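Student: Attaching a single structure in structure tokens format; questions to follow.
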Amino acid sequence: MIPSIYIEFLIFAQEIILEVKKIRIFKLYLMNNKNQAFYNARKLALTKAFPVMLGIAFLGVGYGVYMRSCGFGIIWPVCMAATIFAGSMEFVTVSLLLSTFNPGYALLLTLIVNGRHLFYGISMLEKYSDMGKKKIWAVSGLIDEAFSLNYMTDVPPGTDRNWFMLFVSVYLYVSWIGGTIIGAISASEAIASTKGVGFVMTALFIVIFISQWQKEQTHGSSILGLLVAGACLMLFGKAYFMLPTILIITVIFMVRWLTTKDKEKLT
């Protein structure tokens, strides 16, 4: 006859084994959910970012061709595209490299052109607060399009928001680099030496302006930009109108941002 103490020990051991199995099953469940949330985030980010990726890739092609037309080798547009990911500053840098060396002017112009990122960063503080190490890349890749997608997209349940925001920035960055490489390589010496290729930048910005105009509910901001740019062009001339134009527009929009309660109506 088996002593009762052994029976109790066997029952206790069986209960422990069952609890261990439950814990392992629960861990597998969490792992599967985590992997599914990661997969959903990657898929959703690609779905949302793909139309924007096409536009950014097109700009990258134009940027590569533009730099080649200005006399730069293939490596220069690729390296600049990889290290400068801040909206329109990549294009402005080309003119800075071709003009007289003036680091103070370059620094001030860069701060003014990219000043809008200050408001992006403030708006995304809460959304980026729990991203951990992923925050480093998400912050570095916060261009205009990434801000719009990450701020406006309602991430459904079962999808990791942090991974979604990270993948959006990565996808846009890859499309920018890829477009630039295609543009730099496809711009052969014949294309790069053709007169008038530099007008590609003017054409690109005209297309962007028209597209933005069509999306706006009101055109106050666009008209303001045209008026300020026209006035500064007449006052300061073609060579120096850009800096005061950007400075004045930045100040105006900062005042409007600080004095307007409904930020979504700022158009």
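By order in the structure tokens, chains are A, B, ...; within a chain, residues start at 1; ligands start at 1, following the order shown.
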Which residues in region 6-189 of chain A does DSSP call helix (DSSP H, G or I)? List them as an NGL selection string.
Tutor: :A and (6-69 or 75-83 or 89-98 or 103-113 or 116-123 or 134-140 or 144-152 or 161-186 or 189)
Student: Set the distance at 8 Å and use only C-alpha atoms: which residues neighbour Gly64 (chain A) once local chain neighbours fewer than 5 positions away are removed? I'd like the list as a PyMOL selection string.
Tutor: chain A and resi 77-78+179-185+187
Student: Leaving out region 225-242 of chain A and any residue of its chain fewer than 6 positions from it, which residues lie within 9 Å of it when counting only C-alpha atoms, given as a list in words?
Tutor: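 Once the adjacent positions are removed, what remains is Leu109, Ile248 and Ile249 of chain A.
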Student: Could you take the residues named above and write them with N, CA, C and O atoms, as a tab-separated table (two decimals), in the first residue's frame?
Tutor:
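For reference, again_27.tsv as written:
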chain	number	residue	atom	x	y	z
A	109	LEU	N	19.75	78.99	-43.27
A	109	LEU	CA	18.79	78.54	-44.27
A	109	LEU	C	18.26	77.15	-43.93
A	109	LEU	O	17.06	76.88	-44.06
A	248	ILE	N	10.07	84.96	-43.47
A	248	ILE	CA	8.78	85.65	-43.26
A	248	ILE	C	7.64	84.65	-43.18
A	248	ILE	O	6.77	84.74	-42.29
A	249	ILE	N	7.62	83.68	-44.08
A	249	ILE	CA	6.56	82.67	-44.07
A	249	ILE	C	6.60	81.85	-42.79
A	249	ILE	O	5.56	81.54	-42.20
Student: CA of Val52 (chain A) and CA of Asp154 (chain A) are how many Å apart?
Tutor: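 Calculated distance between CA of Val52 (chain A) and CA of Asp154 (chain A) is 17.3 Å.
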Student: Between CA of Tyr39 (chain A) and CA of Met152 (chain A), what distance in Å does the model show, to one decimal?
Tutor: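 CA of Tyr39 (chain A) sits 20.4 Å away from CA of Met152 (chain A).
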Student: Select, from A:Phe167, A:Phe85, A:Ile143, A:Phe101, the residue with the minimum atom-to-atom distance to Arg116 (chain A), counting only C-alpha atoms.
Tutor: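 Among the listed residues, A:Ile143 lies closest to Arg116 (chain A).
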Student: Mind pulling up the distance from CA of Glu145 (chain A) to CA of Ile56 (chain A)?
Tutor: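 That distance, rounded to one decimal, is 9.1 Å.
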Student: Ser169 (chain A): which residues within 8 Å, counting only C-alpha atoms, same-chain residues fewer than 4 positions away excluded, as a ChimeraX atom specification?
Tutor: /A:137-138,141-142,146,165,173
Student: Considering only C-alpha atoms, state which residue in the set A:Asn114, A:Thr100, A:Gln217, A:Ser95 is at the smallest distance from Gly71 (chain A).
Tutor: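 Nearest candidate to Gly71 (chain A) out of A:Asn114, A:Thr100, A:Gln217, A:Ser95: A:Ser95.
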Student: May I ask which of the residues A:Cys70, A:Ile122, A:Ala82, A:Leu149 is the closest one to Phe50 (chain A), counting only C-alpha atoms?
Tutor: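 Of the candidates, the smallest distance to Phe50 (chain A) is held by A:Leu149.
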Student: My list of candidates is A:Phe253, A:Ala41, A:Glu90, A:Pro51. Which is closest to Gly220 (chain A) when distances are computed with only C-alpha atoms?
Tutor: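 The shortest atom-to-atom distance to Gly220 (chain A) comes from A:Phe253.
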